[in-house]
$ cat coords31.pdb   # PDB, C-alpha atoms, pLDDT in the B column
ATOM      1  CA  MET A   1       2.597  11.948   9.264  1.00 88.00           C
ATOM      2  CA  LYS A   2       0.400  10.610   6.475  1.00 93.00           C
ATOM      3  CA  ILE A   3       1.479   7.747   4.237  1.00 96.00           C
ATOM      4  CA  LEU A   4      -0.360   6.893   1.036  1.00 98.00           C
ATOM      5  CA  PHE A   5       0.061   3.439  -0.524  1.00 98.00           C
ATOM      6  CA  VAL A   6      -0.844   3.227  -4.204  1.00 98.00           C
ATOM      7  CA  CYS A   7      -1.373   0.241  -6.487  1.00 98.00           C
ATOM      8  CA  THR A   8      -3.359  -0.336  -9.653  1.00 97.00           C
ATOM      9  CA  GLY A   9      -6.901  -1.049  -8.475  1.00 97.00           C
ATOM     10  CA  ASN A  10      -6.800  -0.570  -4.684  1.00 98.00           C
ATOM     11  CA  THR A  11      -8.121  -4.088  -4.127  1.00 97.00           C
ATOM     12  CA  CYS A  12      -5.023  -6.118  -3.159  1.00 97.00           C
ATOM     13  CA  ARG A  13      -1.568  -4.718  -2.451  1.00 98.00           C
ATOM     14  CA  SER A  14      -2.232  -1.154  -1.332  1.00 98.00           C
ATOM     15  CA  PRO A  15      -5.083  -2.017   1.080  1.00 98.00           C
ATOM     16  CA  MET A  16      -2.963  -4.790   2.610  1.00 98.00           C
ATOM     17  CA  ALA A  17      -0.008  -2.382   2.918  1.00 98.00           C
ATOM     18  CA  GLU A  18      -2.287   0.195   4.571  1.00 97.00           C
ATOM     19  CA  VAL A  19      -3.430  -2.271   7.232  1.00 97.00           C
ATOM     20  CA  ILE A  20       0.074  -3.658   7.821  1.00 97.00           C
ATOM     21  CA  PHE A  21       1.482  -0.139   8.224  1.00 96.00           C
ATOM     22  CA  ASN A  22      -1.283   0.963  10.609  1.00 95.00           C
ATOM     23  CA  GLU A  23      -0.835  -2.199  12.682  1.00 94.00           C
ATOM     24  CA  THR A  24       2.950  -1.712  12.818  1.00 93.00           C
ATOM     25  CA  PHE A  25       3.321   2.028  13.422  1.00 91.00           C
ATOM     26  CA  HIS A  26       1.553   4.689  15.473  1.00 82.00           C
ATOM     27  CA  GLN A  27       1.691   8.483  15.307  1.00 82.00           C
ATOM     28  CA  ALA A  28       1.479   8.053  11.549  1.00 88.00           C
ATOM     29  CA  LYS A  29      -1.528   7.165   9.438  1.00 94.00           C
ATOM     30  CA  ALA A  30      -1.598   5.194   6.225  1.00 97.00           C
ATOM     31  CA  GLU A  31      -4.324   5.171   3.608  1.00 97.00           C
ATOM     32  CA  SER A  32      -4.454   3.537   0.200  1.00 98.00           C
ATOM     33  CA  ARG A  33      -5.667   4.394  -3.270  1.00 98.00           C
ATOM     34  CA  GLY A  34      -5.636   2.972  -6.792  1.00 98.00           C
ATOM     35  CA  LEU A  35      -4.514   4.483 -10.069  1.00 97.00           C
ATOM     36  CA  TYR A  36      -7.253   2.874 -12.150  1.00 96.00           C
ATOM     37  CA  ILE A  37     -10.133   1.577 -10.068  1.00 95.00           C
ATOM     38  CA  GLN A  38     -13.327  -0.054 -11.224  1.00 93.00           C
ATOM     39  CA  ARG A  39     -16.281   1.733  -9.671  1.00 91.00           C
ATOM     40  CA  GLY A  40     -17.913  -0.475  -7.054  1.00 93.00           C
ATOM     41  CA  SER A  41     -14.951  -2.830  -6.710  1.00 96.00           C
ATOM     42  CA  ARG A  42     -14.022  -3.902  -3.204  1.00 96.00           C
ATOM     43  CA  ILE A  43     -10.968  -5.274  -1.457  1.00 96.00           C
ATOM     44  CA  ALA A  44     -10.375  -8.789  -2.796  1.00 97.00           C
ATOM     45  CA  LYS A  45     -11.911 -11.550  -0.669  1.00 97.00           C
ATOM     46  CA  GLU A  46      -8.514 -13.290  -0.557  1.00 97.00           C
ATOM     47  CA  ALA A  47      -6.889 -10.137   0.850  1.00 97.00           C
ATOM     48  CA  GLN A  48      -9.727  -9.816   3.383  1.00 97.00           C
ATOM     49  CA  ARG A  49      -9.183 -13.392   4.581  1.00 97.00           C
ATOM     50  CA  VAL A  50      -5.400 -12.991   4.910  1.00 97.00           C
ATOM     51  CA  LEU A  51      -5.788  -9.744   6.878  1.00 97.00           C
ATOM     52  CA  ALA A  52      -8.501 -11.258   9.095  1.00 97.00           C
ATOM     53  CA  ARG A  53      -6.262 -14.222   9.952  1.00 97.00           C
ATOM     54  CA  GLU A  54      -3.306 -11.971  10.744  1.00 96.00           C
ATOM     55  CA  TYR A  55      -5.058  -9.158  12.618  1.00 96.00           C
ATOM     56  CA  GLY A  56      -8.413 -10.551  13.747  1.00 94.00           C
ATOM     57  CA  TYR A  57     -10.724  -8.205  11.904  1.00 92.00           C
ATOM     58  CA  VAL A  58     -12.234  -7.914   8.437  1.00 91.00           C
ATOM     59  CA  VAL A  59     -11.341  -5.018   6.164  1.00 92.00           C
ATOM     60  CA  ASP A  60     -14.046  -4.566   3.554  1.00 93.00           C
ATOM     61  CA  ARG A  61     -14.507  -1.331   1.701  1.00 93.00           C
ATOM     62  CA  GLU A  62     -14.806   0.032  -1.803  1.00 96.00           C
ATOM     63  CA  ALA A  63     -11.686   0.754  -3.794  1.00 97.00           C
ATOM     64  CA  GLU A  64     -10.762   4.429  -3.836  1.00 97.00           C
ATOM     65  CA  GLU A  65      -9.224   6.263  -6.757  1.00 97.00           C
ATOM     66  CA  LEU A  66      -6.150   8.419  -6.254  1.00 97.00           C
ATOM     67  CA  LEU A  67      -7.043  12.106  -6.443  1.00 96.00           C
ATOM     68  CA  GLU A  68      -4.856  15.182  -6.517  1.00 94.00           C
ATOM     69  CA  VAL A  69      -6.025  16.103  -2.998  1.00 95.00           C
ATOM     70  CA  ASP A  70      -4.694  12.746  -1.731  1.00 95.00           C
ATOM     71  CA  VAL A  71      -1.290  13.498  -3.214  1.00 94.00           C
ATOM     72  CA  ALA A  72      -1.267  16.997  -1.728  1.00 93.00           C
ATOM     73  CA  ASP A  73      -2.106  15.687   1.768  1.00 93.00           C
ATOM     74  CA  ALA A  74       0.446  12.848   1.856  1.00 95.00           C
ATOM     75  CA  ASP A  75       3.918  13.101   3.379  1.00 94.00           C
ATOM     76  CA  TYR A  76       4.989   9.922   1.567  1.00 95.00           C
ATOM     77  CA  ILE A  77       3.429   8.314  -1.499  1.00 97.00           C
ATOM     78  CA  ILE A  78       4.513   4.690  -1.844  1.00 98.00           C
ATOM     79  CA  THR A  79       3.790   2.678  -4.973  1.00 98.00           C
ATOM     80  CA  MET A  80       4.079  -1.050  -5.535  1.00 98.00           C
ATOM     81  CA  THR A  81       5.919  -0.801  -8.873  1.00 98.00           C
ATOM     82  CA  GLU A  82       8.375   1.377 -10.768  1.00 98.00           C
ATOM     83  CA  ALA A  83       5.756   1.895 -13.495  1.00 98.00           C
ATOM     84  CA  GLN A  84       3.259   3.239 -10.951  1.00 98.00           C
ATOM     85  CA  LYS A  85       5.917   5.573  -9.571  1.00 97.00           C
ATOM     86  CA  ARG A  86       6.723   6.874 -13.068  1.00 96.00           C
ATOM     87  CA  GLU A  87       3.019   7.472 -13.725  1.00 96.00           C
ATOM     88  CA  LEU A  88       2.619   9.446 -10.495  1.00 96.00           C
ATOM     89  CA  VAL A  89       5.766  11.486 -11.098  1.00 96.00           C
ATOM     90  CA  ARG A  90       4.458  12.247 -14.603  1.00 95.00           C
ATOM     91  CA  ARG A  91       1.077  13.298 -13.210  1.00 93.00           C
ATOM     92  CA  TYR A  92       2.161  15.163 -10.088  1.00 91.00           C
ATOM     93  CA  GLY A  93       5.954  15.647 -10.198  1.00 87.00           C
ATOM     94  CA  HIS A  94       6.575  15.194  -6.465  1.00 76.00           C
ATOM     95  CA  GLU A  95       9.790  14.023  -4.811  1.00 83.00           C
ATOM     96  CA  ARG A  96       7.719  12.315  -2.096  1.00 91.00           C
ATOM     97  CA  ILE A  97       6.905   9.409  -4.428  1.00 96.00           C
ATOM     98  CA  HIS A  98       8.816   6.153  -3.860  1.00 96.00           C
ATOM     99  CA  THR A  99       8.326   2.483  -4.584  1.00 98.00           C
ATOM    100  CA  LEU A 100       7.943   0.288  -1.516  1.00 98.00           C
ATOM    101  CA  LYS A 101      11.084  -1.655  -2.339  1.00 98.00           C
ATOM    102  CA  GLU A 102      13.031   1.558  -2.958  1.00 96.00           C
ATOM    103  CA  ILE A 103      12.106   3.092   0.398  1.00 96.00           C
ATOM    104  CA  ALA A 104      12.945  -0.249   2.076  1.00 96.00           C
ATOM    105  CA  GLY A 105      16.411  -0.189   0.476  1.00 95.00           C
ATOM    106  CA  GLU A 106      15.724  -2.766  -2.226  1.00 97.00           C
ATOM    107  CA  LYS A 107      15.065  -2.821  -5.968  1.00 97.00           C
ATOM    108  CA  GLY A 108      12.160  -4.203  -7.945  1.00 97.00           C
ATOM    109  CA  ASP A 109       8.390  -4.416  -7.773  1.00 98.00           C
ATOM    110  CA  VAL A 110       5.891  -6.057  -5.436  1.00 98.00           C
ATOM    111  CA  PRO A 111       4.049  -8.630  -7.592  1.00 97.00           C
ATOM    112  CA  ASP A 112       0.292  -8.250  -8.031  1.00 97.00           C
ATOM    113  CA  PRO A 113      -1.718 -11.257  -6.739  1.00 98.00           C
ATOM    114  CA  TYR A 114      -4.939 -10.099  -8.438  1.00 95.00           C
ATOM    115  CA  GLY A 115      -6.835 -13.037  -9.915  1.00 93.00           C
ATOM    116  CA  MET A 116      -4.574 -15.627  -8.290  1.00 97.00           C
ATOM    117  CA  ASP A 117      -5.263 -18.067  -5.477  1.00 96.00           C
ATOM    118  CA  GLU A 118      -5.099 -17.236  -1.795  1.00 96.00           C
ATOM    119  CA  ASP A 119      -1.571 -18.633  -1.462  1.00 97.00           C
ATOM    120  CA  GLU A 120      -0.352 -15.790  -3.687  1.00 98.00           C
ATOM    121  CA  TYR A 121      -2.098 -13.279  -1.425  1.00 98.00           C
ATOM    122  CA  VAL A 122      -0.343 -14.829   1.579  1.00 98.00           C
ATOM    123  CA  LYS A 123       3.009 -14.456  -0.218  1.00 98.00           C
ATOM    124  CA  THR A 124       2.216 -10.849  -1.123  1.00 98.00           C
ATOM    125  CA  PHE A 125       1.135 -10.083   2.445  1.00 98.00           C
ATOM    126  CA  SER A 126       4.391 -11.535   3.798  1.00 98.00           C
ATOM    127  CA  GLU A 127       6.444  -9.525   1.307  1.00 98.00           C
ATOM    128  CA  LEU A 128       4.571  -6.315   2.135  1.00 98.00           C
ATOM    129  CA  ARG A 129       5.011  -6.833   5.876  1.00 97.00           C
ATOM    130  CA  ARG A 130       8.720  -7.610   5.487  1.00 97.00           C
ATOM    131  CA  LEU A 131       9.288  -4.473   3.399  1.00 98.00           C
ATOM    132  CA  ILE A 132       7.211  -2.166   5.610  1.00 96.00           C
ATOM    133  CA  GLN A 133       9.068  -3.329   8.712  1.00 93.00           C
ATOM    134  CA  LYS A 134      12.374  -2.448   7.008  1.00 93.00           C
ATOM    135  CA  ILE A 135      11.538   1.223   6.396  1.00 90.00           C
ATOM    136  CA  GLU A 136      13.941   3.147   8.614  1.00 82.00           C
ATOM    137  CA  GLU A 137      12.250   6.529   8.058  1.00 80.00           C
ATOM    138  CA  PHE A 138       9.246   5.354  10.072  1.00 81.00           C
ATOM    139  CA  GLU A 139      11.085   3.654  12.930  1.00 79.00           C
ATOM    140  CA  GLN A 140      10.166   6.397  15.404  1.00 77.00           C
ATOM    141  CA  TYR A 141       6.471   5.612  14.781  1.00 77.00           C
ATOM    142  CA  ARG A 142       6.729   1.874  15.557  1.00 75.00           C
ATOM    143  CA  ARG A 143       4.165   0.479  18.024  1.00 60.00           C
TER     144      ARG A 143
END
$ encode --input "coords31.pdb" --output "structure tokens"
Amino acid sequence: MKILFVCTGNTCRSPMAEVIFNETFHQAKAESRGLYIQRGSRIAKEAQRVLAREYGYVVDREAEELLEVDVADADYIITMTEAQKRELVRRYGHERIHTLKEIAGEKGDVPDPYGMDEDEYVKTFSELRRLIQKIEEFEQYRR
């Protein structure tokens, strides 16, 4: 099972969701991508610090742009917002595309902490973890 988390720039929400998912579930693999990345951008330092405090290791890599091959390989494509979902459905037309809140049985978007202070990243991390732990479809893969 391959899960693909998608956000705007692949520097905040989707990389944090990827790590949270991979730390929570096994027998499934999550990756993350961005819709509109800036070449050479990396995971935000604030996101790196939050993940390091929670899981004991640093995640530092370049942002990766969503490609058609990523969509073809994914069993689930999970966006952070309704607008991102609409964009992906427009581009690729797959039924496997959901927002994180939708697949967790809720409505709305996961706010973007980009450019904010570390407290906002902590809030976003907590929201992502809460939502990911609610996803019933993946329960059989829980660690």
$ residues_around --input "coords31.pdb" --residues "Glu87 in chain A" --least-positions-apart "4" --cutoff "12 Å" --atoms "all atoms listed in the file" --output "compact mmCIF listing (two decimals) with C-alpha atoms, keeping the file's coordinate frame"
# COMPACT_ATOMS: atom_id res chain seq x y z
CA VAL A 6 -0.84 3.23 -4.20
CA CYS A 7 -1.37 0.24 -6.49
CA THR A 8 -3.36 -0.34 -9.65
CA GLY A 34 -5.64 2.97 -6.79
CA LEU A 35 -4.51 4.48 -10.07
CA TYR A 36 -7.25 2.87 -12.15
CA LEU A 66 -6.15 8.42 -6.25
CA THR A 79 3.79 2.68 -4.97
CA MET A 80 4.08 -1.05 -5.54
CA THR A 81 5.92 -0.80 -8.87
CA GLU A 82 8.38 1.38 -10.77
CA ALA A 83 5.76 1.90 -13.50
CA ARG A 91 1.08 13.30 -13.21
CA TYR A 92 2.16 15.16 -10.09
CA GLY A 93 5.95 15.65 -10.20
CA HIS A 94 6.58 15.19 -6.46
CA ILE A 97 6.90 9.41 -4.43
CA HIS A 98 8.82 6.15 -3.86
CA THR A 99 8.33 2.48 -4.58
$ resolve_selection --input "coords31.pdb" --expression "the PyMOL selection byres ((chain A and resi 72) around 12)" --output "mmCIF file with C-alpha atoms, keeping the file's coordinate frame"
data_model
loop_
_atom_site.group_PDB
_atom_site.id
_atom_site.type_symbol
_atom_site.label_atom_id
_atom_site.label_comp_id
_atom_site.auth_asym_id
_atom_site.auth_seq_id
_atom_site.Cartn_x
_atom_site.Cartn_y
_atom_site.Cartn_z
ATOM 1 C CA LYS A 2 0.400 10.610 6.475
ATOM 2 C CA ILE A 3 1.479 7.747 4.237
ATOM 3 C CA LEU A 4 -0.360 6.893 1.036
ATOM 4 C CA LEU A 66 -6.150 8.419 -6.254
ATOM 5 C CA LEU A 67 -7.043 12.106 -6.443
ATOM 6 C CA GLU A 68 -4.856 15.182 -6.517
ATOM 7 C CA VAL A 69 -6.025 16.103 -2.998
ATOM 8 C CA ASP A 70 -4.694 12.746 -1.731
ATOM 9 C CA VAL A 71 -1.290 13.498 -3.214
ATOM 10 C CA ASP A 73 -2.106 15.687 1.768
ATOM 11 C CA ALA A 74 0.446 12.848 1.856
ATOM 12 C CA ASP A 75 3.918 13.101 3.379
ATOM 13 C CA TYR A 76 4.989 9.922 1.567
ATOM 14 C CA ILE A 77 3.429 8.314 -1.499
ATOM 15 C CA TYR A 92 2.161 15.163 -10.088
ATOM 16 C CA GLY A 93 5.954 15.647 -10.198
ATOM 17 C CA HIS A 94 6.575 15.194 -6.465
ATOM 18 C CA GLU A 95 9.790 14.023 -4.811
ATOM 19 C CA ARG A 96 7.719 12.315 -2.096
ATOM 20 C CA ILE A 97 6.905 9.409 -4.428
#
$ residues_around --input "coords31.pdb" --residues "Met16 in chain A" --least-positions-apart "5" --cutoff "12 Å" --atoms "only C-alpha atoms" --output "PyMOL selection string"
chain A and resi 5-7+10-11+21-23+30-33+43-52+54-55+58-60+80+112-113+121-129+132
$ write_last_selection --input "coords31.pdb" --atoms "C-alpha atoms" --output "short mmCIF file (atom, residue, chain, number, x, y, z; two decimals), in the coordinates of the input"
data_model
loop_
_atom_site.label_atom_id
_atom_site.label_comp_id
_atom_site.auth_asym_id
_atom_site.auth_seq_id
_atom_site.Cartn_x
_atom_site.Cartn_y
_atom_site.Cartn_z
CA PHE A 5 0.06 3.44 -0.52
CA VAL A 6 -0.84 3.23 -4.20
CA CYS A 7 -1.37 0.24 -6.49
CA ASN A 10 -6.80 -0.57 -4.68
CA THR A 11 -8.12 -4.09 -4.13
CA PHE A 21 1.48 -0.14 8.22
CA ASN A 22 -1.28 0.96 10.61
CA GLU A 23 -0.84 -2.20 12.68
CA ALA A 30 -1.60 5.19 6.22
CA GLU A 31 -4.32 5.17 3.61
CA SER A 32 -4.45 3.54 0.20
CA ARG A 33 -5.67 4.39 -3.27
CA ILE A 43 -10.97 -5.27 -1.46
CA ALA A 44 -10.38 -8.79 -2.80
CA LYS A 45 -11.91 -11.55 -0.67
CA GLU A 46 -8.51 -13.29 -0.56
CA ALA A 47 -6.89 -10.14 0.85
CA GLN A 48 -9.73 -9.82 3.38
CA ARG A 49 -9.18 -13.39 4.58
CA VAL A 50 -5.40 -12.99 4.91
CA LEU A 51 -5.79 -9.74 6.88
CA ALA A 52 -8.50 -11.26 9.10
CA GLU A 54 -3.31 -11.97 10.74
CA TYR A 55 -5.06 -9.16 12.62
CA VAL A 58 -12.23 -7.91 8.44
CA VAL A 59 -11.34 -5.02 6.16
CA ASP A 60 -14.05 -4.57 3.55
CA MET A 80 4.08 -1.05 -5.54
CA ASP A 112 0.29 -8.25 -8.03
CA PRO A 113 -1.72 -11.26 -6.74
CA TYR A 121 -2.10 -13.28 -1.42
CA VAL A 122 -0.34 -14.83 1.58
CA LYS A 123 3.01 -14.46 -0.22
CA THR A 124 2.22 -10.85 -1.12
CA PHE A 125 1.14 -10.08 2.44
CA SER A 126 4.39 -11.54 3.80
CA GLU A 127 6.44 -9.52 1.31
CA LEU A 128 4.57 -6.32 2.13
CA ARG A 129 5.01 -6.83 5.88
CA ILE A 132 7.21 -2.17 5.61
#
$ closest_residue --input "coords31.pdb" --among "A:Asp109, A:Arg61, A:Gln140, A:Glu120" --to "Pro15 in chain A" --atoms "only C-alpha atoms"
A:Arg61
$ atom_distance --input "coords31.pdb" --atom1 "CA of Lys134 in chain A" --atom2 "CA of Glu102 in chain A"
10.8 Å
$ resolve_selection --input "coords31.pdb" --expression "the PyMOL selection byres ((chain A and resi 142) around 10)" --output "ChimeraX atom specification"
/A:21-28,133,138-141,143
$ atom_distance --input "coords31.pdb" --atom1 "CA of Arg90 in chain A" --atom2 "CA of Gly9 in chain A"
18.5 Å
$ resolve_selection --input "coords31.pdb" --expression "the PyMOL selection byres ((chain A and resi 40) around 8)" --output "PDB file with C-alpha atoms, keeping the file's coordinate frame"
ATOM      1  CA  GLN A  38     -13.327  -0.054 -11.224  1.00 93.00           C
ATOM      2  CA  ARG A  39     -16.281   1.733  -9.671  1.00 91.00           C
ATOM      3  CA  SER A  41     -14.951  -2.830  -6.710  1.00 96.00           C
ATOM      4  CA  ARG A  42     -14.022  -3.902  -3.204  1.00 96.00           C
ATOM      5  CA  GLU A  62     -14.806   0.032  -1.803  1.00 96.00           C
ATOM      6  CA  ALA A  63     -11.686   0.754  -3.794  1.00 97.00           C
TER       7      ALA A  63
END
$ atom_distance --input "coords31.pdb" --atom1 "CA of Glu18 in chain A" --atom2 "CA of Leu88 in chain A"
18.3 Å
